[in-house]
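Participant: So that we are looking at the same thing, I have put the structure below in structure tokens.
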Number of protein chains: 4
Amino acid sequence: MPSAFLKHPFMSQHALSECDEGAMLRAMLAFELALAEVQEASGVLPEGASQQMSVQLNNADFDIAQMAAGIASGGNVAIPFVKQGRALLTDELKRYWHLGATSQDVVDSALMLLFKPRLMALDQLLQRCRSAALVLMEAHAQTLMVGRTLMQQALPITLGVKVAHWAVGLEQSRRRLQMVELPVQFGGAVGVHSGWDSQGLEWMDALAERLGLVAPVLPWHTDRYPIHSLGTALDAVVGAAEKIALDVALLTQTEVGEIAEPSVPGMGESSSMPHKRNPVRSAFICGAARQVHGHISVLLNAAAQPLERGLGEWHAEWAPLIESALLVEGTLEQVAVLLEGLEVYPEQMQRNLSATGGGIMAEPVARLLTPHLGTDKAKAVSAMAAEIARQESRPYSDVLAEVLAEDPDIKGCVDADALRQACDPALYLGSGYNQVVRAKNWLIEI
Amino acid sequence: MPSAFLKHPFMSQHALSECDEGAMLRAMLAFELALAEVQEASGVLPEGASQQMSVQLNNADFDIAQMAAGIASGGNVAIPFVKQGRALLTDELKRYWHLGATSQDVVDSALMLLFKPRLMALDQLLQRCRSAALVLMEAHAQTLMVGRTLMQQALPITLGVKVAHWAVGLEQSRRRLQMVELPVQFGGAVGVHSGWDSQGLEWMDALAERLGLVAPVLPWHTDRYPIHSLGTALDAVVGAAEKIALDVALLTQTEVGEIAEPSVPGMGESSSMPHKRNPVRSAFICGAARQVHGHISVLLNAAAQPLERGLGEWHAEWAPLIESALLVEGTLEQVAVLLEGLEVYPEQMQRNLSATGGGIMAEPVARLLTPHLGTDKAKAVSAMAAEIARQESRPYSDVLAEVLAEDPDIKGCVDADALRQACDPALYLGSGYNQVVRAKNWLIEI
Amino acid sequence: MPSAFLKHPFMSQHALSECDEGAMLRAMLAFELALAEVQEASGVLPEGASQQMSVQLNNADFDIAQMAAGIASGGNVAIPFVKQGRALLTDELKRYWHLGATSQDVVDSALMLLFKPRLMALDQLLQRCRSAALVLMEAHAQTLMVGRTLMQQALPITLGVKVAHWAVGLEQSRRRLQMVELPVQFGGAVGVHSGWDSQGLEWMDALAERLGLVAPVLPWHTDRYPIHSLGTALDAVVGAAEKIALDVALLTQTEVGEIAEPSVPGMGESSSMPHKRNPVRSAFICGAARQVHGHISVLLNAAAQPLERGLGEWHAEWAPLIESALLVEGTLEQVAVLLEGLEVYPEQMQRNLSATGGGIMAEPVARLLTPHLGTDKAKAVSAMAAEIARQESRPYSDVLAEVLAEDPDIKGCVDADALRQACDPALYLGSGYNQVVRAKNWLIEI
Amino acid sequence: MPSAFLKHPFMSQHALSECDEGAMLRAMLAFELALAEVQEASGVLPEGASQQMSVQLNNADFDIAQMAAGIASGGNVAIPFVKQGRALLTDELKRYWHLGATSQDVVDSALMLLFKPRLMALDQLLQRCRSAALVLMEAHAQTLMVGRTLMQQALPITLGVKVAHWAVGLEQSRRRLQMVELPVQFGGAVGVHSGWDSQGLEWMDALAERLGLVAPVLPWHTDRYPIHSLGTALDAVVGAAEKIALDVALLTQTEVGEIAEPSVPGMGESSSMPHKRNPVRSAFICGAARQVHGHISVLLNAAAQPLERGLGEWHAEWAPLIESALLVEGTLEQVAVLLEGLEVYPEQMQRNLSATGGGIMAEPVARLLTPHLGTDKAKAVSAMAAEIARQESRPYSDVLAEVLAEDPDIKGCVDADALRQACDPALYLGSGYNQVVRAKNWLIEI
């Protein structure tokens, strides 16, 4: 399929280059060689056997095309790989190859090995995003903008506190990702190390250590919690990224115009409209996130696998899992650039705060009036004034205070200064600043 | 990502080879050249312009790698493609290139063009499956086997009627697929042929005809019904295939052993267990089907696209859509081979019919006894006899009739011959044969 | 669960009242009584038996609570229902009750019977939406507004053509829904009418006719195409509705303000902000649509059901299927009201057309300049002028023509009138009007 | 909708009774009263106000039907609830009601409060399942059975180790569930405690403590990590349960018959087949799990919510979230009963071990022969003998050793005793027993 045109653009190019067939082959080989080392250390292989295997195979000419073709009859890549590996070994070593292992041991472990650098890369990207967010939070802790609920202007916030919420979202997913364990897989044909008795679990633990993976409680051929945990953690990351992209896309709308994606010559141009600058990074992030949700739904539906090995359920995991990693990494690369170079237009934010003629300050006004008019009347008066301000007054000019000052219910009973203050967004930011401080402390605590 | 190891094995290799970047490039070019022809025919391009374009571009050296790289800044492949195309044209033709079109026109139409041969291939595969199923239905119209509900033996059926159900499932999906329309996309930047007034729709219709696509009512940039319709039809096909694979996997279980996948040397072997033959085709089918369900869930969730062009929703469609086609085609290739070479073991079916010692015939027995004992008592007597037959008697030997013959409630009041007949699976096949005939008539009616 | 608070608000209240336990009970009873009638007509039941059954059961006191409780041990509602029904019959009729039927026959057929009025209601709602859309299309065929792609202003369209696209989306889904067939289910324990031979299919066909359902080719206990077809058609409807709601939500944003949901006293109010009017209908539509997508993904994943009856797959269909219908009906009720009462603010649309100072007209300007300057230069000059217009000029005032008029590259070579015309959105609506006409003809053709 | 017939059977009846509209109402009220207490403690409410509120509202007649009806215009249940609450208060208290709170604060917090007892119930059920599994592991640590991969017999395992794998699966999900945090929601209209400055976060923390919920870093109106975390943890639980049910369903197949669901009179009976006992619990578990996967896919797709409050995304969470809890609880109740009463048939397991005539022991045989014949030849000889044993010999009788003993390649070179031992499943259990011990230690470590 035209992957380079339709799928790879969403993915991390760096990760793609580190995750090709050769990488998978090396990971499978790393598993088999580590197994031989472990078995040699326990006396089952003659001294030097694992070293010889390593020498004979590490630079051997595995035939990737033939391996790919062999999957059709074997059902998974481990089968042709193991065959090729055996054929490449000298006769006396053949019997020590893939000893006690099964296809799923090879494939699952190799996937976990591919994931190790990816999780590290994701962590670093998330830290990079966090740093960028901290800078934005600090810089814009006092940058007024309007908060919007159900897509309607509601009450003032700051850009700093908005970014703080983004950053907390990302950091929660980073901490969850850090808790994900990548276990080695080693259990043999039916997961009980058939023929190897007590050595089975010892080898499993030793393999984990040697490969830098986690030792599971038991082999997990049909206990897919590790996959579920990994997949849903990836989805949490991409969800946090998608939320940022969604906000950015909404705030860059022509009529809103409060922020913009970092400007890069030629980026976001339309093929037909010269004036246009599309939020391309946001589009990539949202597009990738949606694909990840679909992939993870495959994993949820395939978590229950029959008996000692799945029939299709296991096979269905491979692509969704590894593609999710590449999509999430691509997504975070976009988010990092977005946050590091986010263009902010405070004057446009200020302008939008006045879009309703001051009407968004109806709540503080109602609050000010409540002791004088009672809750219901205060709300009614405030709402009516807001509506007048919105409809009849000039847009982009705060007239709410004036409208209120002329209200017969208010005249005389509320001080004009108090009214003006109640109508001033800058005085109605609640815990916005405190939230920035609190988030900052939490973000850097680890 | 290691696609050749983890994803391509599920896909049609033939389709993969017809659906690479070059194919996408050719499809995009076909769209642009057809557009030029249409515009020349309507007098907007000078005579011969489209022909010259065709000459200059059809064998031009488009740089696929650069095109792929250019997507990152443009957001979709049409942008770098259009740029390259323009650069490759002589100056006097540049102005006639991509006239009135937008990126989404190019990409959507190109995808529809890629789909045309795929839908034809799917239809042919489904016809091939239908032919194979018809052969099986005929050959096994009288081959007795047990029907199973909730995974428990229930009552006798025939293999013929089972295959008839499979065939109807596949054929329903084929007929649905045939109704799927692949519309051309042509609407320009905001879907209203800006600047081209009444010519816009005329060109759209002419383009459709020239490209062998359907003319939509209106451009469909954010009316994704065509994608929804196509995606869900593909899912219907794969669901019908998955049902067959699920049945095959269950019936090939060692203890059931009633059928087997076609035997191919080396196919389905285990890397560690020489005696084993895995139902690899079923595993591929089930594995692919699960991935398709995930892809289609992406399409369902992305069907609502904002305003005049999606932000991420559209982008999210590309890979799931085209990959679903390749997965479904790969799946049907497996199903065709499965049905054409299905190994059937009637004696094992016969043996399983006796697994309960005849207990599965409790219903006809109850029915026979009802006029004599009343409904409740008849059921109770029959159930108890079935339980005795199942538990105490030799397995794989029908003893129900004997057990019944000795029942004091029955003795004397029911004829022994009638009892034996009620216990004979071959006499309790209901509409099985009629269903085979009916299905056959329906399958070949078109 | 607190359904009335968390789930029912999304559903059609009318449909909810027509789809309770009593309705399901009546549907199951209708199936059984029709079966008895059919069997009586074929001579298997004595004359008058079905009439007596009807008399005895139609007003009998079925115990719904006990029936619900009985599901836990039986696995589906048909089992306790059949038991209660038998117990309520006089002895001589008991043997004719549920003759040749199985639980799944009862439940599947009852669900199809519940769906019949729902599909009719959906069709009527879709027709109501279509009528409202036709009115809007006509009224606003010339109402200028800006088209937006990737959430950025792009080029002018009309509200009429936008609504035409909505209407085509809805109508496509209506026509698809019309093609959905609701088949009767009748196959007995293993789907072959065990014990009834040639009568089985005859009864199935007669039952379909009597119940106003479709006669399937074969019983479809584990051929779930009818469910897949129904579920995906419902999803197509809700996707078309969701697209409208998404557009409405975006266009009602405070800063955009081009349309509003119909004003209803008290509707959309915030619990804390008196000035705010939330697009509540859009929220319900989008919220419901997302739930439907999840439900349908269950159906896709459960389409392959093992052997002659599913184990969990079938059970998993019930709630997602019926809830989807109620959610879609609720959604369409909202859409109908939305379209019938949509508030349109043409002056705000006009204002937004000027938001870029005329910059959105850069494309027609480039087109005008191309013969004079060549494609690339024309684009560059136009883009630069658009940027100047956007950034430096007063917002909400079209200055592009002025900026251009002063451009040294243009001065003298392009007529000022031509420039002004190129900058006039009302002259750049492409096929907008033609599309409205075309859509209208297509919408009313059936 | 006919919930009691189609949806509630999958749910915990106990949980259903604790999660009705009244429970939601009490949870919302608990939130508001705790808020008043916190505000009184901080001096904002006059002394005694919260106590008076409590007295006036705790036994007040909230009108649930009217509340449900009010959602249609408000958009969520908090709006009519807050209205009713205010109306029920005496005038001097009205102004202190819902102070500083927004609808989402009420609904999100109330949902978290509903979840608290549910998570505790789930934990207890998981512990109950763990205890039952430990008993089974101990009892069947030496109970031989065949392990099956891709649904084919592979090599021997024990029931004990199979149950150990189930138990580890469940316990992993329990530990994950324990880490899920249920945070209070309190942020006011736009999440920054508008009008309450530094008190906002203090109140949030105090509220959390008072309600027994977790204090989040920041309000999370559009940071849905808590929902994502909760939802995916629930899915992990149900996936572990589904795996058990899938195994049980497969092992209870008539031809396999190694285990059965606990026998309960009347349970699992068929409406038409007296002899049949359906694995109803497994069907309920699998049916529920599939519905949960669909619900959670809604949550994944709704995780990114726009700006300061979602439009539909938030609304879409309610039902899927709470229904998932009830479905998972219902599922675990079934799993607990399943494990506590699982019927085990060791003699049938023994019989199935012989189904291939000993062929499943081909691997140990090959291993035994390897030093004598070399890897390839050993595999070939073993495989051929296995095939002979499977095809030609009597089923259910181990003839592999005999076949081998007569093989000319082996005769003389391998000891007959060694051959017999290699063919003995009981001597080829690998780490099976060690795994049971290791799992047990891990299961009880916390």
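Each chain in the structure tokens gets a letter, A, B and so on, in the order shown; residues start at 1 in every chain, and ligands are counted from 1 in the order they appear.
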Output as an MDAnalysis selection string the set of chain A residues within 7 Å of chain B, with distances taken over only C-alpha atoms.
Facilitator: chainID A and resid 1:2 4:7 9 16 19:21 24 68 71:75 77 79 102:103 189 266:269 271:272 280 283:284 286:288 290:291 294:295 297:298 311:313 315:316 318:319 323
Participant: Just the residues within 9 Å of Gly169 (chain B), please, counting only C-alpha atoms, with nothing from its chain fewer than 6 positions along; format it as a ChimeraX atom specification.
Facilitator: /B:236-237,239-241,243 /C:220,223-225
Participant: Write the residues of the selection above to a file with N, CA, C and O atoms, as a PDB file, in the first residue's frame.
Facilitator:
ATOM      1  N   ALA B 236     -18.306  -5.913   6.089  1.00  0.00           N
ATOM      2  CA  ALA B 236     -19.291  -6.988   5.936  1.00  0.00           C
ATOM      3  C   ALA B 236     -18.648  -8.205   5.273  1.00  0.00           C
ATOM      4  O   ALA B 236     -18.884  -9.344   5.669  1.00  0.00           O
ATOM      5  N   VAL B 237     -17.817  -7.950   4.259  1.00  0.00           N
ATOM      6  CA  VAL B 237     -17.132  -9.057   3.585  1.00  0.00           C
ATOM      7  C   VAL B 237     -16.226  -9.791   4.569  1.00  0.00           C
ATOM      8  O   VAL B 237     -16.258 -11.021   4.681  1.00  0.00           O
ATOM      9  N   GLY B 239     -16.308  -9.883   7.703  1.00  0.00           N
ATOM     10  CA  GLY B 239     -17.063 -10.564   8.754  1.00  0.00           C
ATOM     11  C   GLY B 239     -17.562 -11.917   8.273  1.00  0.00           C
ATOM     12  O   GLY B 239     -17.531 -12.908   9.014  1.00  0.00           O
ATOM     13  N   ALA B 240     -18.019 -11.975   7.031  1.00  0.00           N
ATOM     14  CA  ALA B 240     -18.481 -13.248   6.477  1.00  0.00           C
ATOM     15  C   ALA B 240     -17.324 -14.239   6.362  1.00  0.00           C
ATOM     16  O   ALA B 240     -17.479 -15.434   6.603  1.00  0.00           O
ATOM     17  N   ALA B 241     -16.144 -13.715   5.989  1.00  0.00           N
ATOM     18  CA  ALA B 241     -14.962 -14.571   5.897  1.00  0.00           C
ATOM     19  C   ALA B 241     -14.527 -15.062   7.281  1.00  0.00           C
ATOM     20  O   ALA B 241     -14.173 -16.224   7.478  1.00  0.00           O
ATOM     21  N   LYS B 243     -16.312 -15.543   9.857  1.00  0.00           N
ATOM     22  CA  LYS B 243     -17.220 -16.567  10.374  1.00  0.00           C
ATOM     23  C   LYS B 243     -16.783 -17.953   9.862  1.00  0.00           C
ATOM     24  O   LYS B 243     -16.778 -18.936  10.603  1.00  0.00           O
TER      25      LYS B 243
ATOM     26  N   TRP C 220     -30.636 -17.193   9.876  1.00  0.00           N
ATOM     27  CA  TRP C 220     -29.394 -16.429   9.964  1.00  0.00           C
ATOM     28  C   TRP C 220     -28.863 -16.374  11.390  1.00  0.00           C
ATOM     29  O   TRP C 220     -28.274 -15.369  11.812  1.00  0.00           O
ATOM     30  N   ASP C 223     -25.299 -16.068  10.736  1.00  0.00           N
ATOM     31  CA  ASP C 223     -24.968 -15.244   9.560  1.00  0.00           C
ATOM     32  C   ASP C 223     -25.521 -13.876   9.885  1.00  0.00           C
ATOM     33  O   ASP C 223     -26.683 -13.585   9.624  1.00  0.00           O
ATOM     34  N   ARG C 224     -24.711 -13.023  10.469  1.00  0.00           N
ATOM     35  CA  ARG C 224     -25.245 -11.792  11.055  1.00  0.00           C
ATOM     36  C   ARG C 224     -25.250 -10.618  10.087  1.00  0.00           C
ATOM     37  O   ARG C 224     -25.268  -9.461  10.512  1.00  0.00           O
ATOM     38  N   TYR C 225     -25.252 -10.902   8.808  1.00  0.00           N
ATOM     39  CA  TYR C 225     -25.312  -9.810   7.858  1.00  0.00           C
ATOM     40  C   TYR C 225     -26.492  -8.865   8.123  1.00  0.00           C
ATOM     41  O   TYR C 225     -26.326  -7.643   8.055  1.00  0.00           O
TER      42      TYR C 225
END
Participant: Env of region 436-443 of chain D: 9 Å cut, atoms = only C-alpha atoms, seq-sep filter 6 positions within chain, self excluded. Answer as a ChimeraX atom specification.
Facilitator: /A:217-218 /D:130,134,137-138,141,160-165,167-168,171
Participant: Output C-alpha atoms for every residue in the selection just made, as a PDB file, in the first residue's frame.
Facilitator:
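In the end it all went to out_13.pdb:
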ATOM      1  CA  VAL A 217       5.446 -13.614  36.898  1.00  0.00           C
ATOM      2  CA  LEU A 218       4.669 -16.274  34.332  1.00  0.00           C
TER       3      LEU A 218
ATOM      4  CA  ARG D 130      -8.191 -15.080  43.460  1.00  0.00           C
ATOM      5  CA  LEU D 134      -5.707 -20.541  44.518  1.00  0.00           C
ATOM      6  CA  MET D 137      -4.287 -24.294  41.537  1.00  0.00           C
ATOM      7  CA  GLU D 138      -3.492 -26.289  44.622  1.00  0.00           C
ATOM      8  CA  ALA D 141      -1.278 -28.756  40.439  1.00  0.00           C
ATOM      9  CA  GLY D 160      -3.154 -26.058  37.955  1.00  0.00           C
ATOM     10  CA  VAL D 161      -0.808 -24.083  35.775  1.00  0.00           C
ATOM     11  CA  LYS D 162      -3.641 -23.049  33.484  1.00  0.00           C
ATOM     12  CA  VAL D 163      -5.559 -21.675  36.431  1.00  0.00           C
ATOM     13  CA  ALA D 164      -2.356 -19.983  37.645  1.00  0.00           C
ATOM     14  CA  HIS D 165      -2.223 -18.110  34.355  1.00  0.00           C
ATOM     15  CA  ALA D 167      -5.207 -15.947  38.276  1.00  0.00           C
ATOM     16  CA  VAL D 168      -2.182 -13.884  37.317  1.00  0.00           C
ATOM     17  CA  GLU D 171      -4.593 -10.176  39.723  1.00  0.00           C
TER      18      GLU D 171
END
Participant: Excluding Val381 (chain C) and any residue of its chain fewer than 3 positions from it, enumerate the residues within 12 Å of it, using only C-alpha atoms, and give them as a PyMOL selection string.
Facilitator: (chain A and resi 274-275) or (chain C and resi 359+362-363+365-370+372-378+384-388+400+403-410)
Participant: What are the DSSP strand (DSSP E or B) residues of region 155-250 of chain A, as a short mmCIF file (atom, residue, chain, number, x, y, z; two decimals) with N, CA, C and O atoms, in the first residue's frame?
Facilitator:
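result-v9.cif was written with the following content:
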data_model
loop_
_atom_site.label_atom_id
_atom_site.label_comp_id
_atom_site.auth_asym_id
_atom_site.auth_seq_id
_atom_site.Cartn_x
_atom_site.Cartn_y
_atom_site.Cartn_z
N LEU A 155 -15.93 32.63 30.56
CA LEU A 155 -15.34 33.56 31.53
C LEU A 155 -13.84 33.63 31.25
O LEU A 155 -13.29 32.77 30.59
N PRO A 156 -13.16 34.64 31.77
CA PRO A 156 -11.73 34.76 31.47
C PRO A 156 -10.86 33.71 32.15
O PRO A 156 -11.17 33.25 33.25
N ILE A 157 -9.83 33.34 31.44
CA ILE A 157 -8.75 32.52 32.02
C ILE A 157 -7.44 33.17 31.57
O ILE A 157 -7.45 34.31 31.10
N THR A 158 -6.34 32.45 31.73
CA THR A 158 -5.09 32.91 31.14
C THR A 158 -4.56 31.81 30.22
O THR A 158 -4.92 30.64 30.38
N PRO A 183 7.87 -7.02 29.42
CA PRO A 183 8.38 -8.31 29.88
C PRO A 183 8.96 -9.16 28.75
O PRO A 183 8.50 -9.10 27.61
N VAL A 214 11.70 -6.84 31.55
CA VAL A 214 11.18 -7.22 32.86
C VAL A 214 10.93 -8.73 32.88
O VAL A 214 10.54 -9.30 31.86
N ASP A 223 -1.99 -14.39 28.24
CA ASP A 223 -2.34 -13.41 29.27
C ASP A 223 -1.82 -12.09 28.74
O ASP A 223 -0.68 -11.71 28.96
#
Participant: Choose the residue, out of B:Glu343, B:Asp91, B:Glu202, B:Glu261, that has the smallest atom-to-atom separation from Ser42 (chain B); count only C-alpha atoms.
Facilitator: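 Result for the nearest residue to Ser42 (chain B): B:Glu202.
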Participant: Can you measure CA of Val256 (chain C) to CA of Asp424 (chain A) for me? One decimal in Å is fine.
Facilitator: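 That distance, rounded to one decimal, is 23.0 Å.
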Participant: For region 344-351 of chain B, find every residue with an atom within 12 Å (counting only C-alpha atoms), except residues of its own chain fewer than 5 positions away, and show them as a VMD selection string.
Facilitator: (chain B and resid 136 139 to 147 153 156 to 160 163 248 251 to 263 338 to 339 356 to 358 395 to 398 424 to 426) or (chain D and resid 255 391 395)
Participant: Please identify all polymer residues within 7 Å of region 427-431 of chain A, counting only C-alpha atoms, omitting same-chain residues fewer than 2 positions from it, and present them as a list in words.
Facilitator: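 Near neighbours after the sequence-gap exclusion: Pro156, Ile157, Gln421, Asp424, Pro425, Tyr433, Asn434 and Gln435 of chain A; Val192, His193, Ser194, Gly195, Trp196, Asp197, Ser198, Gly200 and Leu201 of chain D.
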Participant: With N, CA, C and O atoms retained, write the just-selected residues as a compact mmCIF listing (two decimals), in the first residue's frame.
Facilitator:
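The resulting file, selection30.txt, is reproduced below:
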# COMPACT_ATOMS: atom_id res chain seq x y z
N PRO A 156 -13.16 34.64 31.77
CA PRO A 156 -11.73 34.76 31.47
C PRO A 156 -10.86 33.71 32.15
O PRO A 156 -11.17 33.25 33.25
N ILE A 157 -9.83 33.34 31.44
CA ILE A 157 -8.75 32.52 32.02
C ILE A 157 -7.44 33.17 31.57
O ILE A 157 -7.45 34.31 31.10
N GLN A 421 -15.19 47.17 38.20
CA GLN A 421 -14.30 46.08 38.61
C GLN A 421 -14.92 44.71 38.32
O GLN A 421 -14.24 43.80 37.85
N ASP A 424 -14.30 43.72 34.85
CA ASP A 424 -12.92 43.66 34.37
C ASP A 424 -12.39 42.22 34.39
O ASP A 424 -12.16 41.65 35.45
N PRO A 425 -12.17 41.65 33.23
CA PRO A 425 -11.71 40.25 33.17
C PRO A 425 -10.42 40.02 33.95
O PRO A 425 -10.23 38.96 34.54
N TYR A 433 -3.64 31.80 38.48
CA TYR A 433 -2.20 31.89 38.74
C TYR A 433 -1.75 30.78 39.70
O TYR A 433 -0.71 30.16 39.51
N ASN A 434 -2.54 30.57 40.73
CA ASN A 434 -2.20 29.49 41.68
C ASN A 434 -2.11 28.13 41.00
O ASN A 434 -1.28 27.29 41.35
N GLN A 435 -2.96 27.93 40.02
CA GLN A 435 -2.92 26.64 39.30
C GLN A 435 -1.62 26.49 38.52
O GLN A 435 -1.04 25.41 38.46
N VAL D 192 -11.14 27.55 36.64
CA VAL D 192 -10.15 28.32 37.40
C VAL D 192 -10.75 28.95 38.66
O VAL D 192 -10.20 29.91 39.20
N HIS D 193 -11.85 28.37 39.14
CA HIS D 193 -12.47 28.89 40.36
C HIS D 193 -12.69 30.39 40.25
O HIS D 193 -12.35 31.15 41.17
N SER D 194 -13.29 30.78 39.13
CA SER D 194 -13.53 32.20 38.87
C SER D 194 -14.18 32.86 40.08
O SER D 194 -15.21 32.38 40.58
N GLY D 195 -13.58 33.94 40.54
CA GLY D 195 -14.16 34.69 41.64
C GLY D 195 -13.73 34.22 43.02
O GLY D 195 -14.08 34.82 44.02
N TRP D 196 -12.96 33.13 43.06
CA TRP D 196 -12.60 32.60 44.38
C TRP D 196 -11.10 32.47 44.60
O TRP D 196 -10.65 31.98 45.63
N ASP D 197 -10.37 32.93 43.64
CA ASP D 197 -8.93 33.06 43.76
C ASP D 197 -8.26 31.92 44.52
O ASP D 197 -8.46 30.76 44.17
N SER D 198 -7.50 32.26 45.51
CA SER D 198 -6.70 31.21 46.16
C SER D 198 -7.57 30.21 46.91
O SER D 198 -7.15 29.09 47.17
N GLY D 200 -10.02 28.67 45.78
CA GLY D 200 -10.48 27.63 44.86
C GLY D 200 -9.77 26.30 45.07
O GLY D 200 -10.42 25.26 45.30
N LEU D 201 -8.47 26.33 45.01
CA LEU D 201 -7.73 25.07 45.14
C LEU D 201 -7.84 24.51 46.56
O LEU D 201 -7.88 23.28 46.74
